[in-house]
Amino acid sequence: RLVYKCNKTDHDYIEHLLFSCGEMLRKYGDDIELVVAAFGPGLNLLGKRPRHAISAIHQQRSASLADYGVRFQACGNTMKSLNWVEKDIIEGAEIVPVGIDGIMRLQERGFSYIRI
């Protein structure tokens, strides 16, 4: 059980984060639970129309990871600051009121916190 923090839009950062998720899935298959918690600028990864440049490849890889069971959490506070609503976020992303609180709650359930 891993929760990844996603709080940047830098191309290399997103690349490493998604690559790590993919590698963990390849290694552990159904024996792993992964969550990507997006907040701050990183929320753009989950935006249908990101305000910061997120490559189409990264959007496709995120969708593919979701198809394999990776869950994505969107920070409600960040959404409010961007004036985004649920329809602005990709389908399937879970909106949590506060991104860091979502991470804390996952850790309380036994998730390890991963920062790339």
# chains A, B, ... in the order shown; residues from 1 in each chain; ligands from 1
call {"tool": "residues_around", "arguments": {"residues": "Asn77 of chain A", "least_positions_apart": "5", "cutoff": "9 Å", "atoms": "only C-alpha atoms", "output": "number ranges by chain"}}
result
A: 39-40, 82, 96-99
call {"tool": "write_last_selection", "arguments": {"atoms": "C-alpha atoms", "output": "PDB file, in the first residue's frame"}}
result
ATOM      1  CA  PHE A  39      -2.731  18.891  -4.769  1.00  0.00           C
ATOM      2  CA  GLY A  40      -1.258  22.313  -5.426  1.00  0.00           C
ATOM      3  CA  LEU A  82      -8.591  27.239  -8.994  1.00  0.00           C
ATOM      4  CA  VAL A  96     -11.046  14.697  -0.891  1.00  0.00           C
ATOM      5  CA  PRO A  97     -11.684  17.880   1.121  1.00  0.00           C
ATOM      6  CA  VAL A  98      -7.999  18.430   1.987  1.00  0.00           C
ATOM      7  CA  GLY A  99      -5.219  16.656   0.070  1.00  0.00           C
TER       8      GLY A  99
END
call {"tool": "residues_around", "arguments": {"residues": "His11 of chain A", "least_positions_apart": "3", "cutoff": "8 Å", "atoms": "only C-alpha atoms", "output": "NGL selection string"}}
result
:A and (14-15 or 54-55)
call {"tool": "write_last_selection", "arguments": {"atoms": "all heavy atoms", "output": "PDB file, in the first residue's frame"}}
result
ATOM      1  N   ILE A  14       6.702  14.409 -13.030  1.00  0.00           N
ATOM      2  CA  ILE A  14       5.527  13.596 -13.379  1.00  0.00           C
ATOM      3  C   ILE A  14       5.971  12.283 -14.019  1.00  0.00           C
ATOM      4  O   ILE A  14       5.434  11.214 -13.728  1.00  0.00           O
ATOM      5  CB  ILE A  14       4.570  14.373 -14.310  1.00  0.00           C
ATOM      6  CG1 ILE A  14       4.024  15.626 -13.621  1.00  0.00           C
ATOM      7  CG2 ILE A  14       3.443  13.479 -14.813  1.00  0.00           C
ATOM      8  CD1 ILE A  14       3.072  15.390 -12.488  1.00  0.00           C
ATOM      9  N   GLU A  15       6.975  12.356 -14.868  1.00  0.00           N
ATOM     10  CA  GLU A  15       7.498  11.155 -15.528  1.00  0.00           C
ATOM     11  C   GLU A  15       7.984  10.136 -14.494  1.00  0.00           C
ATOM     12  O   GLU A  15       7.646   8.947 -14.582  1.00  0.00           O
ATOM     13  CB  GLU A  15       8.637  11.535 -16.476  1.00  0.00           C
ATOM     14  CG  GLU A  15       9.225  10.386 -17.245  1.00  0.00           C
ATOM     15  CD  GLU A  15       8.300   9.800 -18.275  1.00  0.00           C
ATOM     16  OE1 GLU A  15       7.402  10.501 -18.780  1.00  0.00           O
ATOM     17  OE2 GLU A  15       8.481   8.605 -18.584  1.00  0.00           O
ATOM     18  N   ILE A  54       0.616  19.842 -18.951  1.00  0.00           N
ATOM     19  CA  ILE A  54       0.719  18.408 -18.665  1.00  0.00           C
ATOM     20  C   ILE A  54       0.675  17.730 -20.025  1.00  0.00           C
ATOM     21  O   ILE A  54      -0.276  17.930 -20.790  1.00  0.00           O
ATOM     22  CB  ILE A  54      -0.447  17.909 -17.785  1.00  0.00           C
ATOM     23  CG1 ILE A  54      -0.469  18.601 -16.425  1.00  0.00           C
ATOM     24  CG2 ILE A  54      -0.385  16.392 -17.622  1.00  0.00           C
ATOM     25  CD1 ILE A  54       0.675  18.256 -15.503  1.00  0.00           C
ATOM     26  N   SER A  55       1.682  16.941 -20.341  1.00  0.00           N
ATOM     27  CA  SER A  55       1.735  16.336 -21.675  1.00  0.00           C
ATOM     28  C   SER A  55       0.603  15.336 -21.879  1.00  0.00           C
ATOM     29  O   SER A  55       0.123  14.706 -20.930  1.00  0.00           O
ATOM     30  CB  SER A  55       3.081  15.657 -21.906  1.00  0.00           C
ATOM     31  OG  SER A  55       3.156  14.457 -21.165  1.00  0.00           O
TER      32      SER A  55
END
call {"tool": "closest_residue", "arguments": {"among": "A:Ala66, A:Leu34, A:Ile57, A:Ala74", "to": "Cys21 of chain A", "atoms": "only C-alpha atoms"}}
result
A:Leu34
call {"tool": "atom_distance", "arguments": {"atom1": "atom CA of Leu46 of chain A", "atom2": "atom CA of Lys27 of chain A"}}
result
25.0 Å
call {"tool": "residues_around", "arguments": {"residues": "Asp31 of chain A", "least_positions_apart": "4", "cutoff": "12 Å", "atoms": "only C-alpha atoms", "output": "PyMOL selection string"}}
result
chain A and resi 1-2+24-27+68-69
call {"tool": "residues_around", "arguments": {"residues": "Gly110 of chain A", "least_positions_apart": "2", "cutoff": "12 Å", "atoms": "only C-alpha atoms", "output": "MDAnalysis selection string"}}
result
chainID A and resid 1:3 33:34 103:108 112:113
call {"tool": "select_by_dssp", "arguments": {"residues": "segment 24-102 of chain A", "states": "strand (DSSP E or B)", "output": "VMD selection string"}}
result
chain A and resid 34 to 38 47 71 to 75 89 94 to 96
call {"tool": "atom_distance", "arguments": {"atom1": "atom CA of Leu17 of chain A", "atom2": "atom CA of Asn83 of chain A"}}
result
26.0 Å
call {"tool": "decode", "arguments": {"residues": "segment 63-80 of chain A", "atoms": "N, CA and C atoms", "output": "compact mmCIF listing (two decimals), in the first residue's frame"}}
result
# COMPACT_ATOMS: atom_id res chain seq x y z
N ALA A 63 -4.37 7.67 -17.18
CA ALA A 63 -5.60 6.93 -17.48
C ALA A 63 -5.33 5.43 -17.53
N SER A 64 -4.20 5.05 -18.12
CA SER A 64 -3.85 3.63 -18.19
C SER A 64 -3.60 3.06 -16.80
N LEU A 65 -2.89 3.81 -15.96
CA LEU A 65 -2.65 3.36 -14.58
C LEU A 65 -3.97 3.19 -13.84
N ALA A 66 -4.91 4.12 -14.06
CA ALA A 66 -6.22 4.01 -13.42
C ALA A 66 -6.94 2.74 -13.87
N ASP A 67 -6.78 2.39 -15.15
CA ASP A 67 -7.38 1.15 -15.66
C ASP A 67 -6.83 -0.07 -14.94
N TYR A 68 -5.60 0.03 -14.44
CA TYR A 68 -4.97 -1.08 -13.72
C TYR A 68 -5.15 -0.96 -12.21
N GLY A 69 -6.00 -0.03 -11.78
CA GLY A 69 -6.36 0.03 -10.37
C GLY A 69 -5.70 1.12 -9.54
N VAL A 70 -4.83 1.92 -10.13
CA VAL A 70 -4.24 3.03 -9.38
C VAL A 70 -5.35 4.05 -9.16
N ARG A 71 -5.50 4.48 -7.91
CA ARG A 71 -6.51 5.48 -7.57
C ARG A 71 -5.87 6.86 -7.53
N PHE A 72 -6.64 7.86 -7.91
CA PHE A 72 -6.17 9.24 -7.91
C PHE A 72 -7.08 10.06 -7.01
N GLN A 73 -6.46 10.83 -6.11
CA GLN A 73 -7.20 11.73 -5.23
C GLN A 73 -6.92 13.17 -5.63
N ALA A 74 -7.97 13.97 -5.70
CA ALA A 74 -7.87 15.39 -6.01
C ALA A 74 -8.18 16.20 -4.76
N CYS A 75 -7.36 17.19 -4.47
CA CYS A 75 -7.53 18.03 -3.29
C CYS A 75 -8.65 19.05 -3.52
N GLY A 76 -9.68 18.98 -2.68
CA GLY A 76 -10.79 19.92 -2.78
C GLY A 76 -10.37 21.36 -2.53
N ASN A 77 -9.44 21.57 -1.60
CA ASN A 77 -8.97 22.93 -1.33
C ASN A 77 -8.30 23.54 -2.57
N THR A 78 -7.46 22.76 -3.23
CA THR A 78 -6.81 23.26 -4.44
C THR A 78 -7.84 23.52 -5.52
N MET A 79 -8.81 22.64 -5.64
CA MET A 79 -9.87 22.84 -6.62
C MET A 79 -10.58 24.18 -6.37
N LYS A 80 -10.89 24.46 -5.12
CA LYS A 80 -11.56 25.73 -4.79
C LYS A 80 -10.69 26.92 -5.19
